[in-house]
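Source file: input34.cif; contents: mmCIF, C-alpha atoms.
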```
data_entry
#
loop_
_atom_site.label_atom_id
_atom_site.label_comp_id
_atom_site.auth_asym_id
_atom_site.auth_seq_id
_atom_site.Cartn_x
_atom_site.Cartn_y
_atom_site.Cartn_z
CA MET A 73 -41.35 32.57 20.79
CA LYS A 74 -37.94 33.83 19.89
CA ARG A 75 -36.34 31.20 22.06
CA THR A 76 -38.17 28.34 20.29
CA TRP A 77 -37.00 29.75 16.98
CA VAL A 78 -33.42 29.65 18.13
CA ALA A 79 -33.90 26.13 19.43
CA CYS A 80 -35.41 25.06 16.12
CA ALA A 81 -32.62 26.63 14.15
CA LEU A 82 -30.08 24.94 16.36
CA LEU A 83 -31.77 21.58 15.93
CA ALA A 84 -31.95 22.01 12.18
CA SER A 85 -28.30 22.92 11.94
CA LEU A 86 -27.37 19.96 14.12
CA ALA A 87 -29.38 17.63 11.91
CA ALA A 88 -27.79 19.08 8.81
CA TRP A 89 -24.39 18.62 10.34
CA ALA A 90 -24.93 15.01 11.32
CA GLN A 91 -26.72 13.92 8.16
CA PRO A 92 -24.86 14.48 4.93
CA LYS A 93 -22.60 11.71 3.87
CA SER A 94 -19.47 13.23 2.41
CA ALA A 95 -18.10 12.09 -0.92
CA ALA A 96 -15.19 10.50 0.93
CA ASP A 97 -17.62 8.37 2.98
CA GLY A 98 -19.34 7.24 -0.19
CA ILE A 99 -16.07 6.21 -1.73
CA ALA A 100 -14.99 4.43 1.45
CA GLU A 101 -18.27 2.51 1.40
CA TYR A 102 -17.79 1.60 -2.25
CA ARG A 103 -14.27 0.36 -1.56
CA LYS A 104 -15.53 -1.71 1.36
CA MET A 105 -17.98 -3.43 -0.98
CA LEU A 106 -15.26 -4.10 -3.53
CA GLU A 107 -12.80 -5.45 -0.97
CA ASP A 108 -14.75 -8.65 -0.70
CA GLY A 109 -13.82 -9.54 -4.24
CA ASN A 110 -10.50 -7.83 -4.80
CA PRO A 111 -9.16 -9.18 -8.12
CA ALA A 112 -5.65 -8.53 -6.78
CA GLU A 113 -6.07 -12.02 -5.30
CA LEU A 114 -5.85 -13.41 -8.80
CA PHE A 115 -2.50 -11.65 -9.29
CA GLU A 116 -1.36 -12.89 -5.90
CA ALA A 117 -2.07 -16.47 -6.90
CA ARG A 118 -0.27 -15.95 -10.19
CA GLY A 119 2.73 -14.41 -8.43
CA GLU A 120 3.01 -17.27 -5.99
CA ALA A 121 2.93 -19.81 -8.80
CA LEU A 122 5.54 -17.83 -10.76
CA TRP A 123 7.86 -17.70 -7.73
CA LYS A 124 7.94 -21.49 -7.50
CA GLN A 125 7.88 -22.26 -11.20
CA LYS A 126 11.11 -23.15 -13.03
CA ARG A 127 11.40 -20.62 -15.85
CA GLY A 128 13.79 -18.68 -18.05
CA PRO A 129 16.92 -19.66 -19.99
CA LYS A 130 18.41 -21.23 -16.84
CA ASN A 131 15.17 -23.07 -16.03
CA ALA A 132 15.24 -22.11 -12.36
CA SER A 133 12.68 -20.92 -9.83
CA LEU A 134 13.01 -17.74 -7.80
CA GLU A 135 12.95 -19.60 -4.49
CA ALA A 136 16.63 -18.84 -3.85
CA CYS A 137 16.06 -15.10 -4.35
CA ASP A 138 17.24 -12.96 -1.43
CA LEU A 139 14.81 -10.11 -0.80
CA GLY A 140 16.81 -8.81 2.12
CA LYS A 141 15.81 -11.31 4.79
CA GLY A 142 17.81 -14.24 3.45
CA PRO A 143 17.37 -16.45 0.39
CA GLY A 144 13.76 -17.45 -0.17
CA VAL A 145 12.33 -15.44 2.76
CA VAL A 146 9.29 -13.56 1.47
CA LYS A 147 7.29 -12.71 4.57
CA GLY A 148 8.19 -9.29 5.91
CA ALA A 149 10.45 -8.43 2.98
CA TRP A 150 8.10 -5.82 1.49
CA VAL A 151 7.91 -3.62 4.59
CA GLU A 152 11.72 -3.29 4.67
CA MET A 153 12.27 -2.26 1.06
CA PRO A 154 13.94 -0.37 -0.60
CA ARG A 155 17.13 -1.43 1.19
CA HIS A 156 20.82 -1.86 0.46
CA PHE A 157 21.96 -5.19 -0.94
CA ALA A 158 25.57 -6.19 -0.45
CA ASP A 159 25.74 -8.50 -3.50
CA THR A 160 24.75 -5.81 -5.99
CA GLY A 161 26.13 -2.93 -3.93
CA ARG A 162 22.97 -0.93 -4.61
CA VAL A 163 19.86 0.21 -2.84
CA GLN A 164 17.02 -1.68 -4.49
CA ASP A 165 13.26 -1.68 -4.27
CA LEU A 166 11.19 -4.81 -4.71
CA GLU A 167 10.89 -4.60 -8.48
CA SER A 168 14.55 -3.86 -9.16
CA ARG A 169 15.49 -6.69 -6.79
CA LEU A 170 13.17 -9.01 -8.72
CA LEU A 171 14.92 -7.99 -11.93
CA THR A 172 18.27 -8.88 -10.34
CA CYS A 173 16.98 -12.29 -9.24
CA MET A 174 15.37 -12.97 -12.59
CA GLU A 175 18.67 -12.19 -14.26
CA THR A 176 21.06 -14.04 -11.94
CA LEU A 177 18.86 -17.03 -11.13
CA GLN A 178 16.70 -17.46 -14.21
CA GLY A 179 18.88 -15.92 -16.91
CA PHE A 180 16.43 -13.27 -18.12
CA SER A 181 17.83 -9.93 -19.27
CA ALA A 182 16.99 -7.31 -16.63
CA ALA A 183 17.57 -4.47 -19.12
CA GLU A 184 15.17 -6.13 -21.55
CA ILE A 185 12.42 -6.44 -18.92
CA ALA A 186 12.96 -2.85 -17.74
CA LYS A 187 12.36 -1.65 -21.31
CA THR A 188 9.13 -3.66 -21.71
CA PRO A 189 5.97 -1.55 -21.31
CA PHE A 190 3.88 -2.22 -18.18
CA GLY A 191 1.42 -5.08 -18.40
CA ARG A 192 3.21 -7.00 -21.16
CA ASP A 193 5.26 -10.20 -21.26
CA GLU A 194 7.72 -10.47 -18.37
CA GLN A 195 6.71 -7.09 -17.00
CA LYS A 196 3.31 -8.59 -16.24
CA ASN A 197 5.03 -11.36 -14.30
CA VAL A 198 7.11 -8.87 -12.31
CA THR A 199 3.88 -7.14 -11.25
CA ALA A 200 2.27 -10.44 -10.24
CA LEU A 201 5.37 -11.42 -8.24
CA ALA A 202 5.48 -8.00 -6.56
CA THR A 203 1.78 -8.34 -5.66
CA TRP A 204 2.28 -11.71 -4.00
CA ILE A 205 5.45 -10.65 -2.16
CA ALA A 206 3.80 -7.45 -0.89
CA ALA A 207 0.70 -9.44 0.12
CA SER A 208 2.89 -11.76 2.21
CA SER A 209 3.65 -8.79 4.48
CA ARG A 210 0.04 -7.72 4.83
CA GLY A 211 -0.70 -6.31 8.27
CA MET A 212 2.97 -5.75 9.06
CA LYS A 213 4.38 -2.32 9.83
CA PHE A 214 6.85 -0.47 7.63
CA SER A 215 10.35 -0.30 9.06
CA LEU A 216 12.93 0.47 6.39
CA PRO A 217 16.55 0.01 7.41
CA GLN A 218 18.60 3.21 7.41
CA GLY A 219 21.87 1.82 8.77
CA HIS A 220 23.87 1.80 5.55
CA PRO A 221 25.20 5.15 4.27
CA GLU A 222 23.78 4.37 0.82
CA GLU A 223 20.30 3.95 2.33
CA ARG A 224 20.59 7.37 3.96
CA ARG A 225 21.86 8.83 0.66
CA PHE A 226 18.82 7.41 -1.13
CA TYR A 227 16.50 8.91 1.45
CA GLU A 228 18.09 12.34 0.93
CA LEU A 229 18.01 11.89 -2.85
CA GLY A 230 14.33 10.93 -2.66
CA LYS A 231 13.60 13.95 -0.52
CA ARG A 232 15.22 16.23 -3.09
CA ALA A 233 13.27 14.58 -5.90
CA PHE A 234 10.06 14.92 -3.90
CA PHE A 235 10.44 18.67 -3.57
CA PHE A 236 11.99 19.26 -7.00
CA ARG A 237 9.76 21.53 -9.06
CA GLY A 238 9.81 21.46 -12.81
CA GLY A 239 7.97 20.67 -16.01
CA PRO A 240 5.49 22.83 -17.93
CA MET A 241 3.27 23.21 -14.84
CA ASP A 242 6.08 23.78 -12.33
CA PHE A 243 4.93 20.80 -10.26
CA SER A 244 6.70 18.77 -7.64
CA CYS A 245 5.48 15.69 -5.77
CA ALA A 246 5.07 18.05 -2.81
CA SER A 247 2.57 20.22 -4.77
CA CYS A 248 -0.03 17.50 -4.21
CA HIS A 249 1.41 15.38 -1.40
CA GLY A 250 3.07 18.05 0.74
CA GLU A 251 0.14 18.96 2.99
CA ALA A 252 -2.85 17.22 4.52
CA GLY A 253 -6.44 17.40 3.29
CA LYS A 254 -5.82 17.79 -0.43
CA ARG A 255 -7.63 15.91 -3.14
CA ILE A 256 -7.89 15.54 -6.92
CA ARG A 257 -11.58 15.41 -7.82
CA LEU A 258 -12.82 12.82 -5.33
CA GLN A 259 -9.53 11.16 -4.53
CA ASP A 260 -7.96 12.10 -1.23
CA LEU A 261 -4.25 12.74 -1.58
CA PRO A 262 -2.08 11.36 1.18
CA MET A 263 0.50 13.61 2.75
CA LEU A 264 3.75 11.78 2.15
CA THR A 265 6.22 13.93 4.08
CA LYS A 266 5.27 12.04 7.26
CA ASN A 267 3.46 8.80 8.13
CA PRO A 268 -0.01 9.29 6.57
CA GLY A 269 -1.51 6.41 8.58
CA ASP A 270 -2.15 2.70 8.20
CA GLY A 271 -2.91 1.57 4.69
CA ILE A 272 -2.63 5.07 3.18
CA GLY A 273 -0.09 6.26 0.65
CA PHE A 274 2.98 4.05 0.44
CA ALA A 275 1.26 1.40 2.57
CA ALA A 276 -1.60 0.96 0.06
CA TRP A 277 0.36 -0.20 -2.96
CA PRO A 278 0.51 -2.47 -4.98
CA ALA A 279 -3.19 -2.01 -5.67
CA TYR A 280 -5.82 -3.15 -8.15
CA ARG A 281 -7.33 -0.34 -10.18
CA VAL A 282 -11.00 -1.10 -10.78
CA SER A 283 -11.50 1.60 -13.41
CA ASN A 284 -9.03 0.07 -15.86
CA GLY A 285 -8.75 -3.44 -14.48
CA GLU A 286 -5.01 -3.21 -13.99
CA MET A 287 -2.72 -4.26 -11.20
CA TRP A 288 -0.44 -1.39 -10.24
CA SER A 289 2.87 -1.88 -8.50
CA MET A 290 4.78 1.00 -6.86
CA GLN A 291 6.86 1.48 -10.03
CA LEU A 292 3.74 2.00 -12.15
CA ARG A 293 2.21 4.24 -9.49
CA LEU A 294 5.31 6.47 -9.59
CA ASN A 295 5.42 6.34 -13.38
CA ASP A 296 1.89 7.72 -13.49
CA CYS A 297 2.73 10.46 -10.96
CA PHE A 298 5.51 11.59 -13.31
CA ARG A 299 3.01 11.59 -16.20
CA GLN A 300 0.55 13.69 -14.22
CA GLN A 301 3.29 16.24 -13.52
CA ARG A 302 4.09 16.23 -17.26
CA PHE A 303 7.62 15.09 -16.43
CA PRO A 304 9.50 12.76 -18.76
CA TYR A 305 8.83 9.13 -17.81
CA PRO A 306 11.36 7.73 -15.35
CA GLY A 307 13.21 4.56 -16.29
CA PHE A 308 11.75 1.39 -14.80
CA ALA A 309 13.50 0.61 -11.51
CA SER A 310 15.75 3.64 -12.02
CA GLU A 311 17.63 5.24 -9.10
CA MET A 312 15.12 8.09 -9.01
CA THR A 313 12.10 5.84 -8.51
CA ILE A 314 13.91 3.78 -5.87
CA ALA A 315 14.97 6.97 -4.06
CA LEU A 316 11.37 8.18 -3.99
CA GLY A 317 10.38 4.77 -2.64
CA SER A 318 13.04 5.13 0.08
CA TYR A 319 11.76 8.57 1.00
CA MET A 320 8.12 7.53 1.23
CA GLY A 321 8.94 4.21 2.86
CA VAL A 322 11.10 5.69 5.60
CA ASN A 323 8.47 8.38 6.24
CA ALA A 324 5.80 5.69 6.49
CA LYS A 325 7.62 4.01 9.40
CA GLY A 326 5.09 2.31 11.63
CA ALA A 327 2.29 2.37 9.05
CA GLU A 328 0.54 -0.94 8.50
CA SER A 329 0.66 -2.33 4.98
CA ILE A 330 -2.72 -3.34 3.51
CA ALA A 331 -1.31 -4.31 0.12
CA PRO A 332 -2.71 -5.41 -2.21
CA ALA A 333 -5.37 -2.72 -1.87
CA ILE A 334 -8.22 -1.89 -4.22
CA LYS A 335 -8.60 1.53 -5.78
CA ARG A 336 -11.42 3.19 -7.67
CA MET B 593 -5.08 -22.18 -20.48
CA ALA B 594 -6.68 -19.56 -18.31
CA ASP B 595 -5.49 -18.73 -14.81
CA PRO B 596 -7.31 -20.46 -11.95
CA MET B 597 -10.35 -18.97 -10.24
CA ARG B 598 -10.45 -18.14 -6.57
CA ILE B 599 -13.49 -19.70 -4.94
CA ARG B 600 -14.51 -19.27 -1.32
CA ALA B 601 -17.60 -21.00 0.06
CA GLN B 602 -18.73 -20.42 3.62
CA VAL B 603 -21.70 -21.72 5.54
CA ALA B 604 -24.07 -19.01 6.73
CA GLY B 605 -27.11 -20.52 8.47
CA ASP B 606 -28.97 -22.98 6.22
CA LYS B 607 -27.10 -21.84 3.12
CA ALA B 608 -23.58 -21.31 1.90
CA THR B 609 -22.26 -18.05 0.48
CA VAL B 610 -20.03 -18.65 -2.51
CA ARG B 611 -17.65 -15.93 -3.72
CA VAL B 612 -15.84 -16.41 -7.00
CA LEU B 613 -13.14 -14.36 -8.68
CA MET B 614 -12.38 -15.23 -12.29
CA ALA B 615 -9.31 -14.14 -14.23
CA HIS B 616 -10.50 -13.05 -17.65
CA GLU B 617 -9.89 -10.14 -20.01
CA MET B 618 -13.61 -9.71 -20.80
CA GLU B 619 -12.95 -7.74 -23.97
CA THR B 620 -16.17 -6.15 -25.20
CA GLY B 621 -15.38 -5.98 -28.91
CA GLN B 622 -16.08 -2.23 -28.81
CA ARG B 623 -12.57 -1.03 -28.06
CA LYS B 624 -9.90 -0.13 -30.57
CA ASP B 625 -6.17 -0.69 -30.21
CA ALA B 626 -3.40 1.87 -30.76
CA ALA B 627 -3.47 1.19 -34.51
CA GLY B 628 -7.22 1.90 -34.70
CA LYS B 629 -8.20 -1.71 -35.26
CA THR B 630 -11.11 -3.14 -33.32
CA ILE B 631 -10.05 -5.52 -30.55
CA PRO B 632 -12.18 -8.63 -31.07
CA ALA B 633 -14.70 -9.53 -28.40
CA TRP B 634 -13.46 -12.09 -25.93
CA HIS B 635 -15.59 -12.76 -22.91
CA ILE B 636 -17.08 -15.47 -20.75
CA GLN B 637 -20.38 -16.72 -22.16
CA ASP B 638 -21.61 -19.48 -19.90
CA VAL B 639 -21.14 -19.92 -16.18
CA THR B 640 -22.25 -23.04 -14.35
CA ALA B 641 -22.18 -23.74 -10.64
CA GLN B 642 -22.54 -27.24 -9.23
CA HIS B 643 -23.19 -28.38 -5.69
CA ASN B 644 -21.91 -31.94 -5.18
CA GLY B 645 -22.19 -32.53 -8.92
CA LYS B 646 -25.72 -31.19 -9.25
CA THR B 647 -26.14 -28.00 -11.25
CA VAL B 648 -27.55 -25.27 -9.03
CA MET B 649 -27.00 -22.22 -11.19
CA THR B 650 -26.32 -21.34 -14.80
CA ALA B 651 -25.70 -17.89 -16.21
CA GLN B 652 -25.22 -16.39 -19.62
CA TRP B 653 -22.75 -13.53 -19.65
CA GLY B 654 -21.97 -10.93 -22.25
CA PRO B 655 -19.61 -8.05 -22.91
CA ALA B 656 -21.15 -5.90 -20.15
CA VAL B 657 -19.49 -7.92 -17.39
CA SER B 658 -16.28 -6.40 -16.04
CA LYS B 659 -12.71 -7.60 -16.44
CA ASN B 660 -11.66 -10.13 -13.78
CA PRO B 661 -15.30 -10.62 -12.72
CA PHE B 662 -16.50 -11.25 -9.19
CA LEU B 663 -19.55 -13.44 -8.65
CA GLN B 664 -21.37 -14.11 -5.41
CA PHE B 665 -24.35 -16.37 -4.81
CA ASN B 666 -25.97 -18.49 -2.10
CA VAL B 667 -26.51 -22.23 -2.23
CA LYS B 668 -29.43 -23.43 -0.15
CA GLY B 669 -28.81 -26.48 1.98
CA ALA B 670 -25.08 -26.63 1.41
CA LYS B 671 -23.13 -27.92 4.41
CA ALA B 672 -19.50 -27.87 5.44
CA GLY B 673 -17.48 -30.36 3.41
CA ASP B 674 -19.72 -30.13 0.35
CA LYS B 675 -18.07 -29.54 -3.01
CA ILE B 676 -18.85 -26.45 -5.05
CA THR B 677 -17.66 -26.46 -8.65
CA VAL B 678 -17.74 -23.40 -10.86
CA SER B 679 -16.97 -23.53 -14.56
CA TRP B 680 -17.04 -21.09 -17.42
CA VAL B 681 -16.77 -21.20 -21.19
CA ASP B 682 -15.80 -18.13 -23.17
CA ASN B 683 -16.70 -17.16 -26.72
CA ARG B 684 -13.43 -18.64 -28.01
CA GLY B 685 -14.32 -22.00 -26.54
CA ASP B 686 -11.71 -21.72 -23.81
CA LYS B 687 -12.89 -23.18 -20.52
CA ARG B 688 -11.94 -23.37 -16.91
CA SER B 689 -13.36 -25.32 -14.00
CA ASP B 690 -12.38 -25.03 -10.35
CA GLU B 691 -13.60 -26.68 -7.19
CA ALA B 692 -13.84 -25.55 -3.60
CA THR B 693 -14.94 -27.18 -0.38
CA VAL B 694 -17.58 -25.46 1.74
CA SER B 695 -16.18 -24.46 5.12
#
```
Please render this file's structure as structure tokens.
Amino acid sequence: MKRTWVACALLASLAAWAQPKSAADGIAEYRKMLEDGNPAELFEARGEALWKQKRGPKNASLEACDLGKGPGVVKGAWVEMPRHFADTGRVQDLESRLLTCMETLQGFSAAEIAKTPFGRDEQKNVTALATWIAASSRGMKFSLPQGHPEERRFYELGKRAFFFRGGPMDFSCASCHGEAGKRIRLQDLPMLTKNPGDGIGFAAWPAYRVSNGEMWSMQLRLNDCFRQQRFPYPGFASEMTIALGSYMGVNAKGAESIAPAIKR
Amino acid sequence: MADPMRIRAQVAGDKATVRVLMAHEMETGQRKDAAGKTIPAWHIQDVTAQHNGKTVMTAQWGPAVSKNPFLQFNVKGAKAGDKITVSWVDNRGDKRSDEATVS
């Protein structure tokens, strides 16, 4: 009799262990359903059209823009950024590089666009362009160049920023993204000090946010991380944001990009 | 003029599955802006789908439909090469019509 009891208890515990669907599974399932109609595609289409369209005071397209793989080469550019550019002498991420191209080729004022709030005027176009360019490298693996001393300096700078604690809550990026298995409410937080896996963390952005219907590029993602830490907002395409991009990008080496992704 | 829609139509057995993404703000008319003023409603009102020029579906939409809506439906008897046209009209009278070929 006792033995059957034990057997029953074992069976019950096994069933209980196999059955419950965790919150993470539920969210994964929900995302799977949304993937079929990811509105990021609309931004992709807009970005592609903007790339080819003659615009700005100089009435030129962006097709001569060098994203690091030669003028006009878009495919594969996203998984190798931020990188050092000889013509500007700076390490640049995708958005700051777009600002440079929009200024030199099209005659827009980069400083003006950087000051514009997200989702308005030219800033909206930068996001659409970034979405399309990132999407062109979908399925490719991150491999940021680290040959130039400036690129290595940016990685180190990003690392320092990542672990820098401050603000009213004494937070750093590492408080949330420094170890595996953490989450905020139902959102899993990727560990960004190493490669978190394909399509996770750095490899998942730009992404469409279903809850507010916005397209988020890496710059906006970082901007919101600063807000959540109650830090002052970083300047758009500032050295700090690019350095953090370098740090996460180099750490994500080998991770497959799924951008543009879809988020809750 | 509104941004183009993305339409995909694929044959699945004796029908075709059509997936449509529309670029639209879909403002409900319930939200207020930073100054406290109501943002006027602005949303798609009528959606029509045509299969080779024949209307196969009409829909009336309201403020409850999400921003950048996604629509999926099946068209019975649609074959590869057929034309699927989707059009919408919003409450400001703005319209958009896009066509896709069933594959």
**Q.** Hits from the PyMOL selection byres ((chain A) within 7 of (chain B)), listed as an MDAnalysis selection string
**A.** chainID A and resid 109 111 114 285
Q: Given the file shown, determine the residues that the PyMOL selection byres ((chain A and resi 300) around 12) selects; report them as JSON, numbers by chain.
A: {"A": [239, 240, 241, 242, 243, 244, 245, 247, 248, 256, 293, 294, 295, 296, 297, 298, 299, 301, 302, 303, 304, 305]}
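Put simply, CA of Leu106 in chain A is 26.3 Å away from CA of Lys671 in chain B.
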Q: Can you pull out every residue within 12 Å of Lys254 in chain A, counting all atoms listed in the file, but drop anything in the same chain fewer than 6 positions away, and send it as an MDAnalysis selection string?
A: chainID A and resid 96 246:248 260:264
Q: Could you expand the PyMOL selection byres ((chain A and resi 320) around 9) into the explicit residues it covers here, written as number ranges by chain?
A: A: 227, 230-231, 264-267, 273-274, 315-319, 321-325
Would you output range 181-211 of chain A from that structure, restricted to N, CA and C atoms, as a PDB file, in the first residue's frame?
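The result, stored in decode_14.pdb:
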```pdb
ATOM      1  N   SER A 181      20.988  68.990 -41.546  1.00  0.00           N
ATOM      2  CA  SER A 181      21.856  69.294 -40.419  1.00  0.00           C
ATOM      3  C   SER A 181      21.792  68.140 -39.422  1.00  0.00           C
ATOM      4  N   ALA A 182      22.934  67.471 -39.226  1.00  0.00           N
ATOM      5  CA  ALA A 182      22.979  66.320 -38.314  1.00  0.00           C
ATOM      6  C   ALA A 182      22.636  66.743 -36.890  1.00  0.00           C
ATOM      7  N   ALA A 183      23.142  67.915 -36.479  1.00  0.00           N
ATOM      8  CA  ALA A 183      22.885  68.402 -35.121  1.00  0.00           C
ATOM      9  C   ALA A 183      21.388  68.643 -34.913  1.00  0.00           C
ATOM     10  N   GLU A 184      20.756  69.152 -35.976  1.00  0.00           N
ATOM     11  CA  GLU A 184      19.316  69.435 -35.916  1.00  0.00           C
ATOM     12  C   GLU A 184      18.525  68.137 -35.720  1.00  0.00           C
ATOM     13  N   ILE A 185      18.892  67.119 -36.500  1.00  0.00           N
ATOM     14  CA  ILE A 185      18.177  65.830 -36.412  1.00  0.00           C
ATOM     15  C   ILE A 185      18.420  65.197 -35.041  1.00  0.00           C
ATOM     16  N   ALA A 186      19.654  65.283 -34.547  1.00  0.00           N
ATOM     17  CA  ALA A 186      19.982  64.686 -33.246  1.00  0.00           C
ATOM     18  C   ALA A 186      19.168  65.318 -32.124  1.00  0.00           C
ATOM     19  N   LYS A 187      18.781  66.582 -32.302  1.00  0.00           N
ATOM     20  CA  LYS A 187      18.010  67.281 -31.268  1.00  0.00           C
ATOM     21  C   LYS A 187      16.518  66.963 -31.340  1.00  0.00           C
ATOM     22  N   THR A 188      16.062  66.488 -32.512  1.00  0.00           N
ATOM     23  CA  THR A 188      14.645  66.198 -32.713  1.00  0.00           C
ATOM     24  C   THR A 188      14.215  65.021 -31.832  1.00  0.00           C
ATOM     25  N   PRO A 189      13.051  65.138 -31.156  1.00  0.00           N
ATOM     26  CA  PRO A 189      12.596  63.998 -30.352  1.00  0.00           C
ATOM     27  C   PRO A 189      12.325  62.778 -31.239  1.00  0.00           C
ATOM     28  N   PHE A 190      12.433  61.580 -30.641  1.00  0.00           N
ATOM     29  CA  PHE A 190      12.187  60.346 -31.382  1.00  0.00           C
ATOM     30  C   PHE A 190      10.785  60.341 -31.998  1.00  0.00           C
ATOM     31  N   GLY A 191      10.691  59.775 -33.177  1.00  0.00           N
ATOM     32  CA  GLY A 191       9.376  59.599 -33.804  1.00  0.00           C
ATOM     33  C   GLY A 191       8.838  60.815 -34.517  1.00  0.00           C
ATOM     34  N   ARG A 192       9.626  61.889 -34.613  1.00  0.00           N
ATOM     35  CA  ARG A 192       9.151  63.085 -35.314  1.00  0.00           C
ATOM     36  C   ARG A 192      10.022  63.394 -36.519  1.00  0.00           C
ATOM     37  N   ASP A 193       9.456  64.057 -37.477  1.00  0.00           N
ATOM     38  CA  ASP A 193      10.159  64.593 -38.655  1.00  0.00           C
ATOM     39  C   ASP A 193      11.253  63.662 -39.187  1.00  0.00           C
ATOM     40  N   GLU A 194      12.480  64.206 -39.257  1.00  0.00           N
ATOM     41  CA  GLU A 194      13.584  63.427 -39.835  1.00  0.00           C
ATOM     42  C   GLU A 194      13.996  62.253 -38.938  1.00  0.00           C
ATOM     43  N   GLN A 195      13.762  62.408 -37.654  1.00  0.00           N
ATOM     44  CA  GLN A 195      14.107  61.346 -36.712  1.00  0.00           C
ATOM     45  C   GLN A 195      13.332  60.060 -37.050  1.00  0.00           C
ATOM     46  N   LYS A 196      12.105  60.250 -37.481  1.00  0.00           N
ATOM     47  CA  LYS A 196      11.262  59.134 -37.891  1.00  0.00           C
ATOM     48  C   LYS A 196      11.877  58.435 -39.109  1.00  0.00           C
ATOM     49  N   ASN A 197      12.435  59.242 -40.009  1.00  0.00           N
ATOM     50  CA  ASN A 197      13.063  58.686 -41.204  1.00  0.00           C
ATOM     51  C   ASN A 197      14.338  57.926 -40.863  1.00  0.00           C
ATOM     52  N   VAL A 198      15.099  58.452 -39.889  1.00  0.00           N
ATOM     53  CA  VAL A 198      16.323  57.767 -39.467  1.00  0.00           C
ATOM     54  C   VAL A 198      15.961  56.372 -38.942  1.00  0.00           C
ATOM     55  N   THR A 199      14.891  56.296 -38.142  1.00  0.00           N
ATOM     56  CA  THR A 199      14.459  55.010 -37.599  1.00  0.00           C
ATOM     57  C   THR A 199      14.055  54.044 -38.715  1.00  0.00           C
ATOM     58  N   ALA A 200      13.311  54.561 -39.690  1.00  0.00           N
ATOM     59  CA  ALA A 200      12.874  53.708 -40.804  1.00  0.00           C
ATOM     60  C   ALA A 200      14.080  53.202 -41.594  1.00  0.00           C
ATOM     61  N   LEU A 201      15.037  54.098 -41.846  1.00  0.00           N
ATOM     62  CA  LEU A 201      16.255  53.709 -42.569  1.00  0.00           C
ATOM     63  C   LEU A 201      17.026  52.644 -41.784  1.00  0.00           C
ATOM     64  N   ALA A 202      17.165  52.883 -40.469  1.00  0.00           N
ATOM     65  CA  ALA A 202      17.892  51.933 -39.618  1.00  0.00           C
ATOM     66  C   ALA A 202      17.203  50.570 -39.637  1.00  0.00           C
ATOM     67  N   THR A 203      15.863  50.575 -39.643  1.00  0.00           N
ATOM     68  CA  THR A 203      15.107  49.319 -39.663  1.00  0.00           C
ATOM     69  C   THR A 203      15.404  48.538 -40.936  1.00  0.00           C
ATOM     70  N   TRP A 204      15.382  49.244 -42.068  1.00  0.00           N
ATOM     71  CA  TRP A 204      15.609  48.554 -43.336  1.00  0.00           C
ATOM     72  C   TRP A 204      17.046  48.038 -43.430  1.00  0.00           C
ATOM     73  N   ILE A 205      18.000  48.869 -43.012  1.00  0.00           N
ATOM     74  CA  ILE A 205      19.411  48.476 -43.100  1.00  0.00           C
ATOM     75  C   ILE A 205      19.682  47.281 -42.184  1.00  0.00           C
ATOM     76  N   ALA A 206      19.129  47.315 -40.973  1.00  0.00           N
ATOM     77  CA  ALA A 206      19.309  46.186 -40.055  1.00  0.00           C
ATOM     78  C   ALA A 206      18.655  44.935 -40.638  1.00  0.00           C
ATOM     79  N   ALA A 207      17.470  45.120 -41.233  1.00  0.00           N
ATOM     80  CA  ALA A 207      16.738  43.972 -41.794  1.00  0.00           C
ATOM     81  C   ALA A 207      17.507  43.326 -42.942  1.00  0.00           C
ATOM     82  N   SER A 208      18.329  44.117 -43.639  1.00  0.00           N
ATOM     83  CA  SER A 208      19.097  43.580 -44.761  1.00  0.00           C
ATOM     84  C   SER A 208      20.168  42.593 -44.289  1.00  0.00           C
ATOM     85  N   SER A 209      20.480  42.617 -42.989  1.00  0.00           N
ATOM     86  CA  SER A 209      21.479  41.689 -42.447  1.00  0.00           C
ATOM     87  C   SER A 209      20.824  40.593 -41.625  1.00  0.00           C
ATOM     88  N   ARG A 210      19.523  40.426 -41.811  1.00  0.00           N
ATOM     89  CA  ARG A 210      18.810  39.422 -41.028  1.00  0.00           C
ATOM     90  C   ARG A 210      19.414  38.035 -41.264  1.00  0.00           C
ATOM     91  N   GLY A 211      19.601  37.306 -40.166  1.00  0.00           N
ATOM     92  CA  GLY A 211      20.140  35.953 -40.275  1.00  0.00           C
ATOM     93  C   GLY A 211      21.656  35.907 -40.301  1.00  0.00           C
TER      94      GLY A 211
END
```
